[in-house]
Amino acid sequence: MDVLNRKIYPSRIILEGDHISDIQPLPATQSQFILPGFIDAHIHIESSMLVPSEFARLAVIHGTIATVSDPHEIANVLGIKGVNYMIENGRQVPFKFYFGAPSCVPATEFETAGATISVDGITQLLQRDDIKYLAEMMNWPGVLGQDPGVIAKINAAHQVGKPVDGHAPGLKGVQAQAYAVAGIVTDHECFTMEEALDKLASGMKVIIREGSAAKNFDALIDLLPDHFDQIMFCSDDKHPDNLIEGHINLLVKRALVKGHDLFQILQAACINPIDHYGLEVGKLQIGQRGDFIVVDDLENFNVLQTYIDGQLVAEKQISMISRQHNLVVNQFNCSPKEPHQFQVRASGETVNVIQPFDGQLITKSIQLKMEAKNGFMVSDLTKDVLKITVVNRYSDEAPAMGFITGFGLRRGALASSVAHDSHNIIAVGVDDESICRAVNAIIDVKGGVVAVTDDQVHLLPLPVAGLMSPDDGYKVATRYTAIDRVAKDLGCKLEAPFMTLSFMALLVIPELKLSDKGLFDGERFEFVDLVE
């Protein structure tokens, strides 16, 4: 399948080392199809809970040959040391990881992160050949307000000819134009057609996202016919159980089912990221690198083989990439908590409550009247209003408290040290004792995800920065699936409970979120009172 020239013809691929030396036409019709490999145009590898070498082992079976990876999550824990960890770990395996310089470490001044990457640090990273771009500029208010530090980072990328990724959920009209004029050329946060069209009209490329929590494919895929040269696909955040099931290949299949043109789909899935980011990835042309996949047919699109640099790395759903020795790096400096530290003193009747939406990162701020017991506000299971907390993992501070609706827990608690973007500990539960047990289980192993029942603690340790496991990816996925099942047995109604929980601390996505410093209004970009 020659995507560049929109041709399909019988042929034989001749490889010499890591390159294609010839493509020889054949007279007979073949039953299988060779095409360029799939590329995830924006992903945080950390959200798979796997180190890069393990992520690669799982991704290649689905025809993924490369990722455009923002190491923003580990950078917020360990700074440039974390970026270097991701690059070095990824180099151990035959997979094409392309990392960016994280633009927002910390993401905001309204939370406690483990590290800071200054303008000088960004400039130094961008000088490196193994850093391909300035990763998502989440501080859109800083862009629009011409914040000197923000503009300096953008200019540092422009000076070395590297693109700048965007992150501007809901930005439209004049604001979208101003954001693009600053030199930001992509956005993966669009969740409506109107917003995406505004950004395309401003000269930005739209990366259609379908991850474990944020799902925008159905809302945006009809952009493809008119804008296929400006569209890419991404997962952004992909939990290990979902990665086992599929990756970018699933978006290709879904686009085909919706009746979209095959070559336009493959342009978005295989070609556009190479051109936009300047990736050293072959496009299935003579003289280029031997990066391609073999599929069974053009309807089911089942991946039979994956080749990277001429090397067979997966065949019939079996990964050929071997396990590596994965080092552990971390920063976790807080002490166990006591149940009384999660009490919320009643100082009024009306509470600002976070309302998440399944399949979205945005939330709504709603105001509910809450009753007090013995002078303290508690979870109200009849209204599905639970306590939520964020605990600083970098030093001993008092937990920040809030209330949330929509999780549906009837007992127990969930907690995680994956809490975007600073990755403090976040937990939700029905009572102070359960929340405390869940938080302390995370502290005890210095990172992980946990579901606490009446008498059991179900835990997946994540010792690499409190974000990833160094263990076999398939085993990690199995353990995560088991904990996810426990969360749903506790009553949680969300499709991806832990992924949704992790985004309740993401301050740069409106409307109401919780940091370790308090309840935060993401539209006004300021703290708000919990009780009014």
# chains A, B, ... in the order shown; residues from 1 in each chain; ligands from 1
call {"tool": "select_by_dssp", "arguments": {"residues": "region 57-170 of chain A", "states": "strand (DSSP E)", "output": "PyMOL selection string"}}
result
chain A and resi 64-69+96-101+131-137+164-166
call {"tool": "residues_around", "arguments": {"residues": "Lys383 (chain A)", "least_positions_apart": "3", "cutoff": "12 Å", "atoms": "only C-alpha atoms", "output": "compact mmCIF listing (two decimals) with N, CA and C atoms, in the first residue's frame"}}
result
# COMPACT_ATOMS: atom_id res chain seq x y z
N VAL A 353 -18.72 21.25 44.68
CA VAL A 353 -18.50 19.82 44.42
C VAL A 353 -18.02 19.62 42.98
N LEU A 368 -23.82 22.07 46.25
CA LEU A 368 -24.77 21.21 46.95
C LEU A 368 -24.80 21.55 48.43
N LYS A 369 -25.98 21.39 49.02
CA LYS A 369 -26.09 21.55 50.47
C LYS A 369 -25.72 20.22 51.13
N MET A 370 -24.86 20.29 52.12
CA MET A 370 -24.39 19.09 52.81
C MET A 370 -24.70 19.20 54.29
N GLU A 371 -25.11 18.09 54.87
CA GLU A 371 -25.35 18.06 56.31
C GLU A 371 -24.07 17.71 57.05
N VAL A 378 -19.33 15.03 55.90
CA VAL A 378 -18.96 13.67 55.54
C VAL A 378 -19.55 13.32 54.18
N SER A 379 -19.09 12.20 53.62
CA SER A 379 -19.64 11.71 52.35
C SER A 379 -21.12 11.41 52.51
N ASP A 380 -21.88 11.63 51.43
CA ASP A 380 -23.31 11.35 51.42
C ASP A 380 -23.59 10.36 50.30
N LEU A 386 -18.87 11.98 47.52
CA LEU A 386 -17.80 11.37 48.29
C LEU A 386 -16.70 12.38 48.58
N PHE A 403 -14.99 17.52 47.72
CA PHE A 403 -16.07 16.55 47.54
C PHE A 403 -16.31 16.36 46.04
N ILE A 404 -16.73 15.15 45.67
CA ILE A 404 -16.91 14.81 44.26
C ILE A 404 -18.15 13.94 44.10
N THR A 405 -18.84 14.10 43.00
CA THR A 405 -19.99 13.26 42.70
C THR A 405 -19.75 12.52 41.39
N GLY A 406 -20.34 11.34 41.26
CA GLY A 406 -20.23 10.60 40.02
C GLY A 406 -19.37 9.36 40.08
N PHE A 407 -18.66 9.14 41.19
CA PHE A 407 -17.82 7.94 41.28
C PHE A 407 -18.63 6.71 41.65
N GLY A 408 -19.66 6.89 42.45
CA GLY A 408 -20.57 5.79 42.73
C GLY A 408 -20.12 4.78 43.76
N LEU A 409 -19.00 5.00 44.42
CA LEU A 409 -18.54 4.04 45.43
C LEU A 409 -19.57 3.89 46.54
N ARG A 410 -19.80 2.65 46.92
CA ARG A 410 -20.71 2.36 48.04
C ARG A 410 -19.95 1.99 49.30
N VAL A 430 -15.45 6.60 50.81
CA VAL A 430 -16.73 6.80 51.50
C VAL A 430 -16.56 7.31 52.92
call {"tool": "select_by_dssp", "arguments": {"residues": "region 115-354 of chain A", "states": "alpha helix (DSSP H)", "output": "ChimeraX atom specification"}}
result
/A:119-126,140-144,148-159,173-181,193-201,217-220,224-227,240-245,248-257,262-266,272-277
call {"tool": "residues_around", "arguments": {"residues": "region 319-335 of chain A", "least_positions_apart": "2", "cutoff": "8 Å", "atoms": "only C-alpha atoms", "output": "PyMOL selection string"}}
result
chain A and resi 51+53-54+56-58+60-61+77-78+89+92-94+114+312-315+317+337+392-396+443+446-447+463-466+470-472
call {"tool": "atom_distance", "arguments": {"atom1": "CA of Ile435 (chain A)", "atom2": "CA of Arg411 (chain A)"}}
result
10.5 Å
call {"tool": "closest_residue", "arguments": {"among": "A:Leu200, A:Ala156, A:Ala168, A:Ile65", "to": "Asp291 (chain A)", "atoms": "only C-alpha atoms"}}
result
A:Ile65
call {"tool": "atom_distance", "arguments": {"atom1": "CA of Ser48 (chain A)", "atom2": "CA of Asn242 (chain A)"}}
result
8.8 Å
call {"tool": "closest_residue", "arguments": {"among": "A:Ser69, A:Gln146, A:Gly290, A:Asn139", "to": "Gln311 (chain A)", "atoms": "only C-alpha atoms"}}
result
A:Gly290
call {"tool": "residues_around", "arguments": {"residues": "Gly402 (chain A)", "least_positions_apart": "3", "cutoff": "10 Å", "atoms": "only C-alpha atoms", "output": "mmCIF file with C-alpha atoms, in the first residue's frame"}}
result
data_model
loop_
_atom_site.group_PDB
_atom_site.id
_atom_site.type_symbol
_atom_site.label_atom_id
_atom_site.label_comp_id
_atom_site.auth_asym_id
_atom_site.auth_seq_id
_atom_site.Cartn_x
_atom_site.Cartn_y
_atom_site.Cartn_z
ATOM 1 C CA PHE A 342 -9.082 13.907 56.398
ATOM 2 C CA VAL A 344 -13.655 18.586 56.891
ATOM 3 C CA VAL A 351 -20.194 22.946 49.198
ATOM 4 C CA ASN A 352 -18.454 23.352 45.818
ATOM 5 C CA VAL A 353 -18.498 19.824 44.418
ATOM 6 C CA ILE A 354 -16.493 18.390 41.481
ATOM 7 C CA LEU A 386 -17.797 11.371 48.286
ATOM 8 C CA LYS A 387 -14.730 12.877 49.853
ATOM 9 C CA ILE A 388 -11.709 13.434 47.642
ATOM 10 C CA THR A 389 -8.227 14.331 48.820
ATOM 11 C CA VAL A 390 -4.840 15.251 47.391
ATOM 12 C CA PRO A 399 -4.123 16.886 53.014
ATOM 13 C CA VAL A 428 -11.612 9.158 46.855
ATOM 14 C CA LYS A 513 -10.196 20.420 40.254
ATOM 15 C CA LEU A 514 -8.249 19.749 43.462
ATOM 16 C CA SER A 515 -4.517 20.269 44.056
ATOM 17 C CA GLY A 518 -6.793 23.370 47.640
ATOM 18 C CA LEU A 519 -9.850 23.520 45.388
ATOM 19 C CA ASP A 529 -13.454 27.945 48.907
ATOM 20 C CA LEU A 530 -14.694 24.425 49.528
ATOM 21 C CA VAL A 531 -17.509 25.497 51.859
#
call {"tool": "atom_distance", "arguments": {"atom1": "CA of Thr478 (chain A)", "atom2": "CA of Pro461 (chain A)"}}
result
13.1 Å
